[in-house]
Amino acid sequence: MSIQDLIERTKVSFCQDCGVCTGSCPVSRVLPGFSPQQMVGKFVLSADLGLEDEALSDRDMWSCLTCALCLQRCPSKVEYLEFVRAVREEAFRTGNKATFAHDGVIETIVNMQRGGLHQNKTAWAREAGQIAESGEYYLFVGCLPYFDVLFRDMGISSLGSASHMLKMLNKLGIEPVVSDEERCCGHDLLWSGNVDVFKELAAFNIEMIKRCGSKKVIFGCPEGYVAFKAYYPLYFGELDFEVVHFYDLVGEQIKDGALKLSRVEEQTVTYHDPCRLGRMAGIYEAPRELIAGMPGMTLVEMERNRENAVCCGVSCWANCSSYSKQIQMDRLKEAEATGADALITACPKCKIHFTCALSSSDMKMEVKDLTEVMAASALEH
Amino acid sequence: MNNFEPLIAVFSCHYCSYAAADLAGSSRIQYPPNIRVIKIPCTGRVSVNHILKALECGADGVYVAGCLEGTCHFISGNFKAKQRVQYAKNLLSEINMEPERVQMYFMSAAEGAKFANVAKEMTETIRELGPSPLGQNKSE
């Protein structure tokens with residue numbers, strides 16, 4: 001796609017230069033010189049002057065967190081997120097790639113899944129609960145098993161949340177399918193410009209779920225949820241299964257009285273909206289209702305909450321830098337100012353990033369995963 | 001399968017194992033031609049991603065050969081490599097690739113014979129395991 005097409009498709013030329021995006025951008029706050037508005041301007045100008053190649057070699061596009069805060073506030077409804085995604089896709093083709101954190105290990109693991117691998121992802125599930133080979137429900141585990149290996153020494157058990165999710169589903173009488181053949185959802189590839197491999201993995205997943213005969217696919221990770229809900233249909237048309245978020249499903253069951261939340265230790269907590277779950281999927285209330293529904297738990301809000309929540313500082317494992325740390329520390333301080341004992345989040349990556357930032361500070365805040373907090377209350381009795 | 005010849009990437013440090021490879025050569029010790037030695041200043045430079053990338057690109061096995069424990073030229077590079085090799089093994093078992101495809105070895109510059117033995121041992125291990133499931137990515 002040419003830059004001109006890209007500009008037209010994403011309505012970038014409607015930009016009024018008002019600067020609301022730059023004023024809202026968490027990156028612009030800590031990284032002077034980075035501005036969504038200027039990036040848009042740069043591309044429009046480059047298309048006019050025939051300097052597309054130069055614009056595509058720009059590194060600024062990788063600093064964007066794709067957190068959708070600017071998108072939310074833009075008065076001209078410029079599709080900035082789509083713009084960044086399209087620009088990254090073009091840049092990736094020309095060899096301008098993101099700088100991956102963790103030395104690119106996660107990117108490599110994802111790329112390795114293209115081959116004829118038969119993975120070993122269900123071992124934990126057989127231990128944790130009952131799973132089926134085929135059936136109505138499918139539990140999409142995603143990258144949690146890899147995160148578990150990579151971040152175990154930071155004291156983060158990513159599989160913990162997966163196994164608790166399975167146990168709660170079992171308690172509801174649901175025996176979901178968990179498959180060894182499942183591939184990464186491709187979310188990170190999509191946002192780092194590698195659309196070809198994204199499509200390969202997505203096609204594989206869709207085919208695999210079809211083989212399992214599942215009609216409802218349950219997600220605990222907001223990124224997988226958004227990738228399936230918004231981006232799979234973009235490339236593959238309407239899916240013949242329903243994409244369900246675990247919190248929505250559990251929330252309904254609690255309302256129906258099928259699952260009861262028992263009393264937990266008295267504590268005050270605050271909730272961090274992950275950008276994928278909040279702004280991109282519009283799920284703000286379900287997690288809050290779950291927290292408030294646990295007797296003994298008091299929920300306090302941070303100053304910037306719901307659609308105004310700030311990103312955890314890194315997306316698609318790219319460009320983690322001192323700026324990311326600054327964004328994370330700001331957010332943690334905001335959480336501390338509410339007087340809460342713990343910061344609850346609903347995304348495995350947010351949890352990893354905040355725990356990392358916390359480890360180099362003397363704050364007495366705890367970062368917890370909502371699924372695990374809920375498991376303590378739902379599985380007790 | 002019968003004529004499967006493993007392709008093995010070796011990360012070899014400048015101070016010990018690369019010198020051992022040299023010694024093996026000048027002593028005319030025979031070892032299998034399946035290994036491809038990549039010389040690095042210190043095994044501490046080897047990251048998990050280097051190991052995984054080699055596998056992604058179609059290597060059937062990877063091993064890191066560093067100085068004997070306690071004798072690293074940069075004090076602790078080989079210990080770092082050892083930890084990272086363990087990380088890579090853990091990740092491999094998640095995606096169900098045999099962790100034995102990745103190994104860490106220690107040898108001194110004087111151990112030409114050990115270099116050859118390790119190459120033989122690793123080639124045999126990989127030969128038994130068979131081709132890597134990612135072998136179709138092989139580009140040589």
# chains A, B, ... in the order shown; residues from 1 in each chain; ligands from 1

$ residues_around --residues "range 165-169 of chain A" --least-positions-apart "5" --cutoff "12 Å" --atoms "only C-alpha atoms" --output "PyMOL selection string"
chain A and resi 122+124-132+137-141+158-160+174-178+218-221+245-247+249-251+253-254+258-261+369-381

$ write_last_selection --atoms "C-alpha atoms" --output "short mmCIF file (atom, residue, chain, number, x, y, z; two decimals), in the first residue's frame"
data_model
loop_
_atom_site.label_atom_id
_atom_site.label_comp_id
_atom_site.auth_asym_id
_atom_site.auth_seq_id
_atom_site.Cartn_x
_atom_site.Cartn_y
_atom_site.Cartn_z
CA THR A 122 -1.39 -28.82 28.13
CA TRP A 124 -0.18 -27.90 33.36
CA ALA A 125 -3.87 -28.10 32.45
CA ARG A 126 -4.08 -31.85 33.08
CA GLU A 127 -2.68 -31.20 36.54
CA ALA A 128 -4.91 -28.22 37.27
CA GLY A 129 -8.28 -29.57 36.25
CA GLN A 130 -10.51 -31.27 33.72
CA ILE A 131 -10.06 -30.56 30.04
CA ALA A 132 -11.69 -32.00 26.97
CA TYR A 137 -15.95 -24.29 24.97
CA TYR A 138 -12.33 -23.64 24.08
CA LEU A 139 -9.92 -22.06 26.54
CA PHE A 140 -7.29 -20.02 24.71
CA VAL A 141 -4.20 -20.02 26.90
CA SER A 158 1.84 -16.62 34.69
CA LEU A 159 0.50 -20.15 34.55
CA GLY A 160 -1.06 -19.58 37.97
CA ILE A 174 -17.44 -26.27 31.97
CA GLU A 175 -14.76 -28.62 30.68
CA PRO A 176 -13.03 -26.52 28.05
CA VAL A 177 -10.78 -27.74 25.29
CA VAL A 178 -7.12 -26.86 25.80
CA ILE A 218 -12.71 -18.07 26.21
CA PHE A 219 -9.86 -15.65 26.71
CA GLY A 220 -8.17 -14.55 29.90
CA CYS A 221 -5.63 -12.36 28.13
CA HIS A 245 -13.81 -12.80 27.73
CA PHE A 246 -13.45 -14.82 30.90
CA TYR A 247 -14.59 -11.92 33.11
CA LEU A 249 -18.55 -15.14 31.36
CA VAL A 250 -17.80 -15.40 35.08
CA GLY A 251 -19.61 -12.13 35.80
CA GLN A 253 -22.50 -16.76 36.22
CA ILE A 254 -22.08 -14.84 39.46
CA ALA A 258 -23.88 -20.29 39.78
CA LEU A 259 -20.62 -19.10 41.31
CA LYS A 260 -20.28 -17.54 44.72
CA LEU A 261 -17.51 -15.27 45.88
CA ASP A 369 -3.72 -10.49 38.71
CA LEU A 370 -7.51 -10.27 38.92
CA THR A 371 -8.00 -13.93 38.03
CA GLU A 372 -5.76 -15.05 40.86
CA VAL A 373 -7.37 -12.69 43.36
CA MET A 374 -10.75 -13.96 42.31
CA ALA A 375 -9.68 -17.60 42.50
CA ALA A 376 -8.88 -17.16 46.19
CA SER A 377 -12.46 -16.04 46.72
CA ALA A 378 -14.30 -18.33 44.30
CA LEU A 379 -12.48 -21.61 44.94
CA GLU A 380 -12.23 -21.39 48.74
CA HIS A 381 -15.46 -23.12 49.65
#

$ select_by_dssp --residues "chain B" --states "strand (DSSP E)" --output "JSON, numbers by chain"
{"B": [8, 9, 10, 11, 12, 13, 35, 36, 37, 38, 39, 40, 61, 62, 63, 64, 65, 66, 102, 103, 104, 105, 106]}

$ write_last_selection --atoms "N, CA, C and O atoms" --output "short mmCIF file (atom, residue, chain, number, x, y, z; two decimals), in the first residue's frame"
data_model
loop_
_atom_site.label_atom_id
_atom_site.label_comp_id
_atom_site.auth_asym_id
_atom_site.auth_seq_id
_atom_site.Cartn_x
_atom_site.Cartn_y
_atom_site.Cartn_z
N ILE B 8 24.70 -28.72 13.43
CA ILE B 8 24.80 -28.24 14.80
C ILE B 8 25.59 -26.94 14.86
O ILE B 8 26.68 -26.84 14.31
N ALA B 9 25.00 -25.94 15.51
CA ALA B 9 25.70 -24.68 15.68
C ALA B 9 26.44 -24.70 17.01
O ALA B 9 25.90 -25.13 18.03
N VAL B 10 27.69 -24.28 17.00
CA VAL B 10 28.50 -24.26 18.22
C VAL B 10 28.94 -22.83 18.51
O VAL B 10 29.56 -22.19 17.66
N PHE B 11 28.59 -22.34 19.67
CA PHE B 11 29.11 -21.03 20.08
C PHE B 11 30.35 -21.30 20.92
O PHE B 11 30.28 -21.89 21.99
N SER B 12 31.47 -20.85 20.40
CA SER B 12 32.74 -21.26 20.99
C SER B 12 33.51 -20.01 21.42
O SER B 12 33.64 -19.05 20.65
N CYS B 13 34.04 -20.01 22.63
CA CYS B 13 34.67 -18.79 23.12
C CYS B 13 36.12 -18.69 22.64
O CYS B 13 36.81 -19.68 22.47
N ILE B 35 29.35 -30.00 12.75
CA ILE B 35 29.28 -28.78 13.56
C ILE B 35 29.74 -27.56 12.78
O ILE B 35 30.58 -27.64 11.88
N ARG B 36 29.11 -26.43 13.10
CA ARG B 36 29.50 -25.14 12.51
C ARG B 36 29.90 -24.25 13.68
O ARG B 36 29.05 -23.89 14.49
N VAL B 37 31.19 -23.93 13.75
CA VAL B 37 31.68 -23.19 14.91
C VAL B 37 31.51 -21.69 14.69
O VAL B 37 31.88 -21.15 13.66
N ILE B 38 30.91 -21.03 15.67
CA ILE B 38 30.78 -19.58 15.64
C ILE B 38 31.63 -19.04 16.79
O ILE B 38 31.38 -19.33 17.95
N LYS B 39 32.67 -18.30 16.41
CA LYS B 39 33.59 -17.82 17.44
C LYS B 39 33.05 -16.54 18.07
O LYS B 39 32.60 -15.63 17.38
N ILE B 40 33.09 -16.51 19.39
CA ILE B 40 32.64 -15.32 20.11
C ILE B 40 33.68 -14.93 21.14
O ILE B 40 34.47 -15.78 21.56
N GLY B 61 20.66 -28.80 16.37
CA GLY B 61 21.14 -28.73 17.74
C GLY B 61 22.04 -27.52 17.90
O GLY B 61 22.52 -26.96 16.91
N VAL B 62 22.19 -27.09 19.14
CA VAL B 62 23.07 -25.94 19.42
C VAL B 62 23.82 -26.26 20.69
O VAL B 62 23.23 -26.76 21.64
N TYR B 63 25.13 -26.02 20.71
CA TYR B 63 25.77 -26.06 22.02
C TYR B 63 26.74 -24.91 22.20
O TYR B 63 27.24 -24.34 21.25
N VAL B 64 26.90 -24.57 23.47
CA VAL B 64 27.77 -23.47 23.84
C VAL B 64 28.98 -24.09 24.53
O VAL B 64 28.83 -24.89 25.45
N ALA B 65 30.17 -23.75 24.05
CA ALA B 65 31.37 -24.31 24.65
C ALA B 65 32.19 -23.18 25.25
O ALA B 65 32.68 -22.31 24.53
N GLY B 66 32.31 -23.18 26.56
CA GLY B 66 33.03 -22.11 27.23
C GLY B 66 34.23 -22.64 28.01
O GLY B 66 34.56 -23.82 27.94
N VAL B 102 19.88 -28.58 23.06
CA VAL B 102 20.72 -27.46 23.49
C VAL B 102 21.57 -27.91 24.67
O VAL B 102 21.05 -28.50 25.61
N GLN B 103 22.86 -27.69 24.60
CA GLN B 103 23.74 -28.12 25.69
C GLN B 103 24.79 -27.07 26.00
O GLN B 103 25.07 -26.20 25.19
N MET B 104 25.34 -27.19 27.20
CA MET B 104 26.45 -26.32 27.60
C MET B 104 27.63 -27.23 27.93
O MET B 104 27.48 -28.24 28.61
N TYR B 105 28.80 -26.88 27.41
CA TYR B 105 30.01 -27.66 27.72
C TYR B 105 31.10 -26.72 28.20
O TYR B 105 31.13 -25.54 27.84
N PHE B 106 31.98 -27.26 29.01
CA PHE B 106 33.12 -26.47 29.48
C PHE B 106 34.41 -27.21 29.10
O PHE B 106 34.50 -28.42 29.25
#

$ interface_residues --of "chain A" --to "chain B" --cutoff "7 Å" --atoms "only C-alpha atoms" --output "list in words"
Asp103, Gly104, Val105, Thr108, Met112, Gly115, Gly116, Leu117, His118, Gln119, Asn120, Lys121, Pro145, Tyr146 and Val149 of chain A

$ select_by_dssp --residues "range 203-286 of chain A" --states "alpha helix (DSSP H)" --output "mmCIF file with N, CA, C and O atoms, in the first residue's frame"
data_model
loop_
_atom_site.group_PDB
_atom_site.id
_atom_site.type_symbol
_atom_site.label_atom_id
_atom_site.label_comp_id
_atom_site.auth_asym_id
_atom_site.auth_seq_id
_atom_site.Cartn_x
_atom_site.Cartn_y
_atom_site.Cartn_z
ATOM 1 N N ALA A 203 -4.543 -18.115 10.765
ATOM 2 C CA ALA A 203 -5.212 -19.126 9.950
ATOM 3 C C ALA A 203 -5.119 -20.482 10.641
ATOM 4 O O ALA A 203 -6.083 -21.253 10.686
ATOM 5 N N PHE A 204 -3.962 -20.753 11.202
ATOM 6 C CA PHE A 204 -3.747 -22.025 11.893
ATOM 7 C C PHE A 204 -4.695 -22.158 13.085
ATOM 8 O O PHE A 204 -5.332 -23.192 13.275
ATOM 9 N N ASN A 205 -4.800 -21.074 13.890
ATOM 10 C CA ASN A 205 -5.659 -21.103 15.077
ATOM 11 C C ASN A 205 -7.128 -21.296 14.714
ATOM 12 O O ASN A 205 -7.844 -22.064 15.349
ATOM 13 N N ILE A 206 -7.564 -20.570 13.684
ATOM 14 C CA ILE A 206 -8.972 -20.663 13.283
ATOM 15 C C ILE A 206 -9.293 -22.102 12.860
ATOM 16 O O ILE A 206 -10.288 -22.686 13.283
ATOM 17 N N GLU A 207 -8.402 -22.668 12.066
ATOM 18 C CA GLU A 207 -8.572 -24.032 11.578
ATOM 19 C C GLU A 207 -8.593 -25.020 12.755
ATOM 20 O O GLU A 207 -9.430 -25.922 12.817
ATOM 21 N N MET A 208 -7.678 -24.773 13.712
ATOM 22 C CA MET A 208 -7.545 -25.671 14.862
ATOM 23 C C MET A 208 -8.807 -25.644 15.713
ATOM 24 O O MET A 208 -9.309 -26.683 16.137
ATOM 25 N N ILE A 209 -9.360 -24.448 15.940
ATOM 26 C CA ILE A 209 -10.572 -24.326 16.765
ATOM 27 C C ILE A 209 -11.754 -24.969 16.046
ATOM 28 O O ILE A 209 -12.595 -25.625 16.652
ATOM 29 N N LYS A 210 -11.764 -24.833 14.730
ATOM 30 C CA LYS A 210 -12.815 -25.469 13.936
ATOM 31 C C LYS A 210 -12.758 -26.991 14.130
ATOM 32 O O LYS A 210 -13.763 -27.645 14.324
ATOM 33 N N ARG A 211 -11.532 -27.529 14.104
ATOM 34 C CA ARG A 211 -11.363 -28.979 14.281
ATOM 35 C C ARG A 211 -11.874 -29.451 15.639
ATOM 36 O O ARG A 211 -12.363 -30.563 15.778
ATOM 37 N N CYS A 212 -11.725 -28.581 16.661
ATOM 38 C CA CYS A 212 -12.179 -28.950 18.006
ATOM 39 C C CYS A 212 -13.694 -28.829 18.129
ATOM 40 O O CYS A 212 -14.268 -29.234 19.137
ATOM 41 N N PRO A 222 -6.297 -10.070 27.562
ATOM 42 C CA PRO A 222 -6.974 -9.069 26.745
ATOM 43 C C PRO A 222 -6.415 -8.966 25.324
ATOM 44 O O PRO A 222 -7.145 -8.686 24.385
ATOM 45 N N GLU A 223 -5.125 -9.244 25.172
ATOM 46 C CA GLU A 223 -4.526 -9.097 23.840
ATOM 47 C C GLU A 223 -5.041 -10.159 22.887
ATOM 48 O O GLU A 223 -5.362 -9.873 21.734
ATOM 49 N N GLY A 224 -5.118 -11.391 23.374
ATOM 50 C CA GLY A 224 -5.647 -12.464 22.547
ATOM 51 C C GLY A 224 -7.098 -12.174 22.197
ATOM 52 O O GLY A 224 -7.538 -12.362 21.063
ATOM 53 N N TYR A 225 -7.828 -11.682 23.198
ATOM 54 C CA TYR A 225 -9.246 -11.368 23.015
ATOM 55 C C TYR A 225 -9.426 -10.341 21.899
ATOM 56 O O TYR A 225 -10.218 -10.533 20.973
ATOM 57 N N VAL A 226 -8.664 -9.257 21.961
ATOM 58 C CA VAL A 226 -8.791 -8.201 20.955
ATOM 59 C C VAL A 226 -8.316 -8.696 19.587
ATOM 60 O O VAL A 226 -8.935 -8.407 18.564
ATOM 61 N N TYR A 232 -8.851 -10.721 13.658
ATOM 62 C CA TYR A 232 -9.025 -11.939 12.854
ATOM 63 C C TYR A 232 -10.103 -11.711 11.787
ATOM 64 O O TYR A 232 -9.895 -12.036 10.625
ATOM 65 N N PRO A 233 -11.271 -11.126 12.190
ATOM 66 C CA PRO A 233 -12.305 -10.901 11.163
ATOM 67 C C PRO A 233 -11.840 -9.967 10.043
ATOM 68 O O PRO A 233 -12.270 -10.085 8.906
ATOM 69 N N LEU A 234 -10.923 -9.072 10.382
ATOM 70 C CA LEU A 234 -10.404 -8.126 9.401
ATOM 71 C C LEU A 234 -9.716 -8.851 8.246
ATOM 72 O O LEU A 234 -9.781 -8.446 7.098
ATOM 73 N N TYR A 235 -9.041 -9.946 8.592
ATOM 74 C CA TYR A 235 -8.291 -10.677 7.573
ATOM 75 C C TYR A 235 -9.005 -11.937 7.089
ATOM 76 O O TYR A 235 -8.758 -12.420 5.994
ATOM 77 N N PHE A 236 -9.874 -12.506 7.940
ATOM 78 C CA PHE A 236 -10.463 -13.799 7.582
ATOM 79 C C PHE A 236 -11.985 -13.778 7.534
ATOM 80 O O PHE A 236 -12.612 -14.825 7.461
ATOM 81 N N PHE A 246 -13.223 -14.056 29.668
ATOM 82 C CA PHE A 246 -13.450 -14.816 30.896
ATOM 83 C C PHE A 246 -14.237 -14.006 31.930
ATOM 84 O O PHE A 246 -15.140 -14.527 32.582
ATOM 85 N N TYR A 247 -13.927 -12.723 32.073
ATOM 86 C CA TYR A 247 -14.588 -11.917 33.111
ATOM 87 C C TYR A 247 -16.067 -11.703 32.805
ATOM 88 O O TYR A 247 -16.880 -11.659 33.718
ATOM 89 N N ASP A 248 -16.390 -11.573 31.520
ATOM 90 C CA ASP A 248 -17.794 -11.440 31.139
ATOM 91 C C ASP A 248 -18.554 -12.715 31.490
ATOM 92 O O ASP A 248 -19.642 -12.678 32.063
ATOM 93 N N LEU A 249 -17.927 -13.842 31.130
ATOM 94 C CA LEU A 249 -18.546 -15.140 31.364
ATOM 95 C C LEU A 249 -18.766 -15.387 32.852
ATOM 96 O O LEU A 249 -19.864 -15.716 33.298
ATOM 97 N N VAL A 250 -17.706 -15.159 33.639
ATOM 98 C CA VAL A 250 -17.795 -15.398 35.078
ATOM 99 C C VAL A 250 -18.759 -14.408 35.728
ATOM 100 O O VAL A 250 -19.551 -14.778 36.594
ATOM 101 N N GLY A 251 -18.722 -13.161 35.264
ATOM 102 C CA GLY A 251 -19.610 -12.130 35.804
ATOM 103 C C GLY A 251 -21.070 -12.548 35.689
ATOM 104 O O GLY A 251 -21.841 -12.432 36.646
ATOM 105 N N GLU A 252 -21.436 -13.070 34.499
ATOM 106 C CA GLU A 252 -22.821 -13.505 34.299
ATOM 107 C C GLU A 252 -23.189 -14.649 35.234
ATOM 108 O O GLU A 252 -24.276 -14.681 35.808
ATOM 109 N N GLN A 253 -22.239 -15.585 35.365
ATOM 110 C CA GLN A 253 -22.496 -16.758 36.218
ATOM 111 C C GLN A 253 -22.678 -16.342 37.671
ATOM 112 O O GLN A 253 -23.456 -16.936 38.400
ATOM 113 N N ILE A 254 -21.945 -15.313 38.078
ATOM 114 C CA ILE A 254 -22.076 -14.837 39.461
ATOM 115 C C ILE A 254 -23.446 -14.197 39.649
ATOM 116 O O ILE A 254 -24.117 -14.429 40.649
ATOM 117 N N LYS A 255 -23.848 -13.424 38.639
ATOM 118 C CA LYS A 255 -25.174 -12.803 38.717
ATOM 119 C C LYS A 255 -26.270 -13.866 38.798
ATOM 120 O O LYS A 255 -27.263 -13.714 39.498
ATOM 121 N N ASP A 256 -26.079 -14.961 38.044
ATOM 122 C CA ASP A 256 -27.062 -16.044 38.065
ATOM 123 C C ASP A 256 -26.982 -16.887 39.327
ATOM 124 O O ASP A 256 -27.796 -17.787 39.532
ATOM 125 N N GLU A 285 -16.358 -2.310 33.073
ATOM 126 C CA GLU A 285 -17.126 -2.560 34.291
ATOM 127 C C GLU A 285 -17.031 -3.996 34.811
ATOM 128 O O GLU A 285 -17.028 -4.196 36.020
ATOM 129 N N ALA A 286 -16.923 -4.968 33.887
ATOM 130 C CA ALA A 286 -16.917 -6.372 34.331
ATOM 131 C C ALA A 286 -15.851 -6.643 35.399
ATOM 132 O O ALA A 286 -16.165 -7.186 36.455
#

$ closest_residue --among "A:Ser179, A:Gly95, A:Ala292, A:Phe83" --to "Ala123 in chain A" --atoms "only C-alpha atoms"
A:Ser179

$ atom_distance --atom1 "CA of Gly44 in chain B" --atom2 "CA of Thr355 in chain A"
26.3 Å

$ residues_around --residues "Leu189 in chain A" --least-positions-apart "4" --cutoff "8 Å" --atoms "only C-alpha atoms" --output "CSV table (one decimal) with C-alpha atoms, in the first residue's frame"
chain,number,residue,atom,x,y,z
A,107,GLU,CA,9.5,-12.8,19.1
A,193,GLY,CA,4.5,-5.0,11.5
A,194,ASN,CA,5.0,-8.7,10.8
A,195,VAL,CA,1.6,-9.2,9.2
A,197,VAL,CA,3.4,-14.4,10.1
A,198,PHE,CA,0.4,-13.0,11.9
A,316,CYS,CA,4.4,-6.0,22.0

$ atom_distance --atom1 "CA of His187 in chain A" --atom2 "CA of Ile283 in chain A"
18.1 Å

$ atom_distance --atom1 "CA of Gly282 in chain A" --atom2 "CA of Pro295 in chain A"
25.6 Å

$ decode --residues "range 100-132 of chain A" --atoms "C-alpha atoms" --output "PDB file, in the first residue's frame"
ATOM      1  CA  PHE A 100      12.623  -6.063  20.995  1.00  0.00           C
ATOM      2  CA  ALA A 101      12.956  -6.304  24.735  1.00  0.00           C
ATOM      3  CA  HIS A 102      14.199  -9.493  26.408  1.00  0.00           C
ATOM      4  CA  ASP A 103      16.641  -9.729  23.545  1.00  0.00           C
ATOM      5  CA  GLY A 104      13.898 -10.760  21.145  1.00  0.00           C
ATOM      6  CA  VAL A 105      13.382 -14.143  22.793  1.00  0.00           C
ATOM      7  CA  ILE A 106       9.608 -13.831  22.780  1.00  0.00           C
ATOM      8  CA  GLU A 107       9.538 -12.787  19.146  1.00  0.00           C
ATOM      9  CA  THR A 108      11.679 -15.811  18.228  1.00  0.00           C
ATOM     10  CA  ILE A 109       9.473 -18.205  20.193  1.00  0.00           C
ATOM     11  CA  VAL A 110       6.457 -16.839  18.352  1.00  0.00           C
ATOM     12  CA  ASN A 111       8.169 -17.186  14.987  1.00  0.00           C
ATOM     13  CA  MET A 112       9.197 -20.751  15.819  1.00  0.00           C
ATOM     14  CA  GLN A 113       5.529 -21.683  16.109  1.00  0.00           C
ATOM     15  CA  ARG A 114       5.160 -21.404  12.343  1.00  0.00           C
ATOM     16  CA  GLY A 115       6.884 -24.742  11.894  1.00  0.00           C
ATOM     17  CA  GLY A 116       5.390 -28.189  12.265  1.00  0.00           C
ATOM     18  CA  LEU A 117       5.711 -28.128  16.036  1.00  0.00           C
ATOM     19  CA  HIS A 118       3.567 -30.221  18.324  1.00  0.00           C
ATOM     20  CA  GLN A 119       3.786 -28.237  21.509  1.00  0.00           C
ATOM     21  CA  ASN A 120       3.572 -29.375  25.074  1.00  0.00           C
ATOM     22  CA  LYS A 121       1.261 -26.740  26.420  1.00  0.00           C
ATOM     23  CA  THR A 122      -1.385 -28.818  28.129  1.00  0.00           C
ATOM     24  CA  ALA A 123       0.720 -30.550  30.782  1.00  0.00           C
ATOM     25  CA  TRP A 124      -0.179 -27.899  33.365  1.00  0.00           C
ATOM     26  CA  ALA A 125      -3.867 -28.102  32.445  1.00  0.00           C
ATOM     27  CA  ARG A 126      -4.076 -31.847  33.082  1.00  0.00           C
ATOM     28  CA  GLU A 127      -2.680 -31.203  36.540  1.00  0.00           C
ATOM     29  CA  ALA A 128      -4.908 -28.220  37.265  1.00  0.00           C
ATOM     30  CA  GLY A 129      -8.283 -29.571  36.251  1.00  0.00           C
ATOM     31  CA  GLN A 130     -10.512 -31.272  33.720  1.00  0.00           C
ATOM     32  CA  ILE A 131     -10.057 -30.559  30.043  1.00  0.00           C
ATOM     33  CA  ALA A 132     -11.692 -31.998  26.965  1.00  0.00           C
TER      34      ALA A 132
END
